[in-house]
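Take a look at the structure below.
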Amino acid sequence: MSVTASSWHAAAQILRRDLTLAFRRPGEWLQPVAFFFIVTLLFPLALDPELSHLRRLAPAALWVAAMLSSVLAIDFLFREDGRDGTLEQFALSGQSFAWLLLAKTAAHWVLTGVPLALAAPFAAIALGAPADAIPGVLASLLLGSVSLSLIGAIGAGLTLGLRRGGALLSLLVLPLAVPTLIFGARATELSIHGESMAGPMYLLAALSVFGVTVAPLAAAAAVRISLE
Amino acid sequence: MLRGLSLRLAEGQALQLLWPNGAGKTSLLRAVAGLIPVEDGQLLWRGNRIEDDRAAFCADLAFLGHDLALKGDLTAAENLHFSVSLRRRLAGGEIKAALDEVGLGTRADALVRQMSAGQQRRVALARLGLWGARLWLLDEPAANLDAAGQAVVVAALARHLAAGGCALISTHQPLDLSASVNRLWRDPKEAA
């Protein structure tokens with residue numbers, strides 16, 4: 001009687017729905033960005049405001065703040081859909097469960113990773129980075145946040161069944177995100193110094209590809225357990 | 001845990017589980033849907049083992065659990081559009097017709113969080129019809145519904161059964177279906 005929906009069509013529906021929902025309640029995705037701003041702006045207050053010192057610390061400050069804010073944001077990824085039965089329906093939709101969770105993670109990246117990357121150049125300038133570094137800072141956070149979102153999806157899946165999974169989530173996710181932190185901070189540092197950041201960017205890209213391959217399967221297995 | 005169960009559903013037939021609270025009605029429905037693993041025994045759908053082709057079984061399956069899987073910040077029509085589009089392409093006007101059938105034709109553009117619990121359940125019922133699945137697994141489909149709402153459930157089920165579908169329903173109040181398509185199962189220790 002009807003044409004079954006292709007997996008691309010289903011993924012597009014999830015993206016559209018999650019973006020519509022986020023548009024109707026912007027607090028959820030604005031909070032992590034505001035958090036990111038505040039954490040990075042605490043550094044100049046706590047350190048001595050000598051510009052060269054700040055500039056040396058800028059990559060570390062940006063990336064630690066980005067990681068913390070992405071952990072804060074990842075808690076929203078599956079929680080509501082798990083509570084209201086939507087994930088159950090995903091599992092029974094006949095589409096690949098991992099694929100649908102990847103689509104959800106992609107929507108989440110658009111809502112949290114992209115705003116974070118867009119906010120980062122402002123924070124970088126506040127930390128004394130030169131204007132030339134803006135494209136590099138933007139690019140490194142854009143790419144790094146992909147793998148942060150994917151790693152977060154595994155953690156969010158594992159802690160879905162817990163009533164208050166926030167603290168455990170950060171214990172699970174932060175160690176896994178260490179490679180992203182190392183290469184991301186290095187890429188940002190190189191761009192602030194005006195050098196080529198190709199090396200760490202390739203490694204960040206490799207981490208993202210690895211994440212896209214593995215994280216949806218791991219997240220799907222974890223979410224299935226919590227649905228039982 | 002449930003053990004020693006055997007049941008068979010024929011085309012056009014509904015089986016209502018009227019087991020006492022805590023006897024495992026919800027667990028049975030979730031196990032049939034594949035949300036809970038079955039330790040032993042087998043589940044067949046149209047003669048084939050379900051685990052051999054889960055996607056085909058899911059395409060034939062509509063599950064309505066305690067949680068309605070509706071988003072409060074989307075309208076009734078948007079909710080339906082989303083959950084049906086995961087499974088199949090929608091034709092224009094289908095959603096409007098489905099909402100009319102459950103008596104919510106005028107509320108299509110209302111946000112679900114502004115609806116009463118009973119109206120939300122009606123939205124979920126409209127979704128069942130739109131999915132076009134052959135097997136309905138319904139967990140307390142008439143909860144929160146007034147007499148008119150229960151009539152909507154019964155009418156939707158009657159249409160579904162007349163079209164050759166079948167339904168496994170957990171309920172504590174038997175739904176008033178015509179006797180020829182209806183079986184009641186009151187105690188898990190008896191045979192279905």
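Simple scheme: letters A, B, ... for chains in structure tokens order, numbers from 1 for residues in each chain, numbers from 1 for ligands in the order shown.
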Check your understanding: Could you write out as JSON, numbers by chain the residues of chain B within 8 Å of chain A, counting only C-alpha atoms?
Key -> {"B": [33, 35, 36, 37, 54, 55, 56, 57, 58, 59, 61, 63, 65, 67, 68, 69, 70, 71, 73, 74, 82, 85, 86, 87, 88, 89]}
How would the residues just picked look written out with C-alpha atoms as an mmCIF file, in the first residue's frame?
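Final output, saved to again.cif:
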data_model
loop_
_atom_site.group_PDB
_atom_site.id
_atom_site.type_symbol
_atom_site.label_atom_id
_atom_site.label_comp_id
_atom_site.auth_asym_id
_atom_site.auth_seq_id
_atom_site.Cartn_x
_atom_site.Cartn_y
_atom_site.Cartn_z
ATOM 1 C CA ALA B 33 8.228 -6.839 20.016
ATOM 2 C CA LEU B 35 12.639 -5.221 23.172
ATOM 3 C CA ILE B 36 13.336 -7.918 25.780
ATOM 4 C CA PRO B 37 15.349 -10.991 24.765
ATOM 5 C CA ARG B 54 13.742 -8.634 12.097
ATOM 6 C CA ALA B 55 13.342 -5.761 9.626
ATOM 7 C CA ALA B 56 10.452 -7.527 7.882
ATOM 8 C CA PHE B 57 8.793 -8.214 11.223
ATOM 9 C CA CYS B 58 9.241 -4.591 12.343
ATOM 10 C CA ALA B 59 7.617 -3.390 9.122
ATOM 11 C CA LEU B 61 4.603 -4.340 13.731
ATOM 12 C CA PHE B 63 3.804 -1.127 19.254
ATOM 13 C CA GLY B 65 3.569 1.142 25.035
ATOM 14 C CA ASP B 67 5.232 5.847 26.799
ATOM 15 C CA LEU B 68 3.549 7.352 23.795
ATOM 16 C CA ALA B 69 6.707 8.606 22.028
ATOM 17 C CA LEU B 70 5.136 11.995 21.383
ATOM 18 C CA LYS B 71 7.008 15.292 21.652
ATOM 19 C CA ASP B 73 6.792 20.764 21.688
ATOM 20 C CA LEU B 74 5.570 19.442 18.338
ATOM 21 C CA PHE B 82 7.667 12.354 11.984
ATOM 22 C CA SER B 85 7.937 9.107 7.929
ATOM 23 C CA LEU B 86 10.485 6.875 9.657
ATOM 24 C CA ARG B 87 8.641 3.933 8.130
ATOM 25 C CA ARG B 88 7.059 5.052 4.897
ATOM 26 C CA ARG B 89 6.330 7.997 2.620
#
Exercise for review: Based on DSSP run over this structure's backbone, return all residues of segment 3-191 of chain B in alpha helix (DSSP H), as an MDAnalysis selection string.
Suggested key: chainID B and resid 25:33 54:59 76:85 94:101 117:131 147:162
Selection file, C-alpha atoms, as a compact mmCIF listing (two decimals), in the first residue's frame:
# COMPACT_ATOMS: atom_id res chain seq x y z
CA LYS B 25 1.43 -8.53 30.44
CA THR B 26 3.80 -5.71 29.54
CA SER B 27 6.82 -8.05 29.57
CA LEU B 28 5.09 -10.41 27.17
CA LEU B 29 4.29 -7.58 24.74
CA ARG B 30 7.84 -6.24 24.93
CA ALA B 31 9.29 -9.70 24.40
CA VAL B 32 7.12 -10.24 21.32
CA ALA B 33 8.23 -6.84 20.02
CA ARG B 54 13.74 -8.63 12.10
CA ALA B 55 13.34 -5.76 9.63
CA ALA B 56 10.45 -7.53 7.88
CA PHE B 57 8.79 -8.21 11.22
CA CYS B 58 9.24 -4.59 12.34
CA ALA B 59 7.62 -3.39 9.12
CA ALA B 76 -0.14 16.56 16.75
CA ALA B 77 0.29 16.66 12.97
CA GLU B 78 4.07 17.13 13.23
CA ASN B 79 4.38 14.23 15.65
CA LEU B 80 2.46 11.97 13.31
CA HIS B 81 4.38 13.14 10.29
CA PHE B 82 7.67 12.35 11.98
CA SER B 83 6.88 8.93 13.36
CA VAL B 84 5.18 7.74 10.17
CA SER B 85 7.94 9.11 7.93
CA GLU B 94 -3.45 11.19 5.29
CA ILE B 95 -2.60 12.80 8.61
CA LYS B 96 -5.66 15.01 8.58
CA ALA B 97 -7.86 11.98 7.86
CA ALA B 98 -6.24 9.94 10.64
CA LEU B 99 -6.73 12.74 13.17
CA ASP B 100 -10.36 13.10 12.07
CA GLU B 101 -10.86 9.41 12.73
CA ALA B 117 -3.53 12.79 28.61
CA GLY B 118 -6.54 11.31 26.84
CA GLN B 119 -6.06 13.47 23.75
CA GLN B 120 -2.38 12.55 23.63
CA ARG B 121 -3.34 8.90 23.64
CA ARG B 122 -5.71 9.58 20.76
CA VAL B 123 -2.83 11.07 18.78
CA ALA B 124 -0.86 7.88 19.42
CA LEU B 125 -3.86 5.85 18.24
CA ALA B 126 -4.02 7.85 15.02
CA ARG B 127 -0.39 6.88 14.45
CA LEU B 128 -1.23 3.17 14.70
CA GLY B 129 -3.63 3.44 11.78
CA LEU B 130 -1.13 5.40 9.69
CA TRP B 131 1.68 2.91 10.12
CA ALA B 147 -16.11 6.49 27.09
CA ALA B 148 -15.88 8.30 23.75
CA GLY B 149 -12.13 7.67 23.67
CA GLN B 150 -12.63 3.96 24.36
CA ALA B 151 -15.10 3.87 21.49
CA VAL B 152 -12.35 5.35 19.30
CA VAL B 153 -9.98 2.54 20.33
CA VAL B 154 -12.61 -0.10 19.65
CA ALA B 155 -13.47 1.42 16.27
CA ALA B 156 -9.80 1.60 15.26
CA LEU B 157 -9.30 -2.01 16.31
CA ALA B 158 -12.41 -3.15 14.48
CA ARG B 159 -11.18 -1.49 11.26
CA HIS B 160 -7.76 -3.05 11.71
CA LEU B 161 -9.14 -6.54 12.31
CA ALA B 162 -11.62 -6.28 9.44
Review point. In Å to one decimal, how far is atom CA of Ala10 of chain B from atom CA of Ala23 of chain B?
Key: 23.8 Å
Any chance you could tabulate, as JSON lines, the residues of segment 7-102 of chain A at most 12 Å from segment 131-143 of chain A with each one's nearest atom pair and distance in Å to one decimal, using only C-alpha atoms, in chain and rising number order?
{"residue": "A:Arg55", "atom": "CA", "partner": "A:Ala133", "partner_atom": "CA", "distance": 11.3}
{"residue": "A:Ala58", "atom": "CA", "partner": "A:Val137", "partner_atom": "CA", "distance": 10.4}
{"residue": "A:Pro59", "atom": "CA", "partner": "A:Val137", "partner_atom": "CA", "distance": 8.8}
{"residue": "A:Leu62", "atom": "CA", "partner": "A:Leu141", "partner_atom": "CA", "distance": 9.0}
{"residue": "A:Trp63", "atom": "CA", "partner": "A:Leu141", "partner_atom": "CA", "distance": 8.1}
{"residue": "A:Val64", "atom": "CA", "partner": "A:Leu141", "partner_atom": "CA", "distance": 11.5}
{"residue": "A:Ala65", "atom": "CA", "partner": "A:Leu141", "partner_atom": "CA", "distance": 11.3}
{"residue": "A:Ala66", "atom": "CA", "partner": "A:Leu141", "partner_atom": "CA", "distance": 8.2}
{"residue": "A:Met67", "atom": "CA", "partner": "A:Leu141", "partner_atom": "CA", "distance": 10.2}
{"residue": "A:Ser70", "atom": "CA", "partner": "A:Leu141", "partner_atom": "CA", "distance": 11.4}
**Study point:** Closest of B:Ala143, B:Ala133, B:Ala14, B:Val181 to Ile169 of chain B - atom-to-atom distances counting only C-alpha atoms
**Key:**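 Closest candidate: B:Ala14.
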Practice item. Find the residues around Asp187 of chain B up to 12 Å (only C-alpha atoms counted), leave out those fewer than 2 positions away in its own chain, and share them as a count of residues only. Key: 18
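Taking atom CA of Phe35 of chain A and atom CA of Pro115 of chain A as the two end points, the separation is 11.9 Å.
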Review point. Contacts of Ala60 of chain A at 10 Å or less, counting only C-alpha atoms, minus same-chain residues fewer than 5 places along, as a PyMOL selection string?
Key: chain A and resi 40+55+65-66+181-182+184-186+188-189
Residues just named, written with C-alpha atoms as a tab-separated table (two decimals), in the first residue's frame:
chain	number	residue	atom	x	y	z
A	40	THR	CA	37.19	30.57	28.78
A	55	ARG	CA	48.10	33.52	24.32
A	65	ALA	CA	36.27	24.43	28.02
A	66	ALA	CA	35.03	22.86	24.76
A	181	LEU	CA	41.99	17.16	23.24
A	182	ILE	CA	45.67	16.59	22.44
A	184	GLY	CA	42.78	19.69	18.85
A	185	ALA	CA	44.78	21.83	21.25
A	186	ARG	CA	47.89	21.29	19.14
A	188	THR	CA	44.75	25.49	17.68
A	189	GLU	CA	48.22	26.28	19.06
Exercise for review: Go through B:Pro188, B:Gly72, B:Asn182, B:Glu140 and flag the residue nearest Ser170 of chain B, using only C-alpha atoms for the distances.
Suggested key: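 Under the stated criterion, the closest residue is B:Glu140.
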Review point. What does the distance from atom CA of Leu64 of chain B to atom CA of Gly34 of chain B come to in Å, to one decimal?
Key: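 Taking atom CA of Leu64 of chain B as the start and atom CA of Gly34 of chain B as the end point, the length is 13.4 Å.
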When you look at Leu45 of chain A with a cut-off of 12 Å (counting only C-alpha atoms), what residues show up, excluding the ones that are within fewer than 4 positions of it in the same chain? I need them as a compact mmCIF listing (two decimals) with N, CA and C atoms, in the first residue's frame.
# COMPACT_ATOMS: atom_id res chain seq x y z
N ILE A 38 31.83 31.38 29.40
CA ILE A 38 32.15 31.77 30.77
C ILE A 38 33.45 31.11 31.23
N VAL A 39 33.60 29.80 30.93
CA VAL A 39 34.81 29.11 31.38
C VAL A 39 36.05 29.74 30.74
N THR A 40 35.99 30.02 29.42
CA THR A 40 37.19 30.57 28.78
C THR A 40 37.47 31.98 29.32
N LEU A 41 36.43 32.71 29.64
CA LEU A 41 36.66 34.08 30.11
C LEU A 41 37.10 34.13 31.58
N PRO A 49 46.94 39.24 33.39
CA PRO A 49 46.40 39.57 32.07
C PRO A 49 47.47 39.92 31.03
N GLU A 50 48.71 39.54 31.28
CA GLU A 50 49.78 39.73 30.29
C GLU A 50 49.44 38.93 29.02
N LEU A 54 48.61 34.80 28.27
CA LEU A 54 47.27 34.34 27.90
C LEU A 54 47.30 33.57 26.59
N ALA A 126 39.57 36.93 22.88
CA ALA A 126 39.58 37.40 24.27
C ALA A 126 40.81 36.88 25.00
N LEU A 127 41.33 35.74 24.55
CA LEU A 127 42.53 35.17 25.18
C LEU A 127 43.80 35.61 24.46
Practice item. Excluding segment 218-223 of chain A and residues on its chain fewer than 6 positions from it, collect all residues at most 8 Å away from it, counting only C-alpha atoms, and give them as number ranges by chain. Key: A: 97-98, 101, 153-158, 160
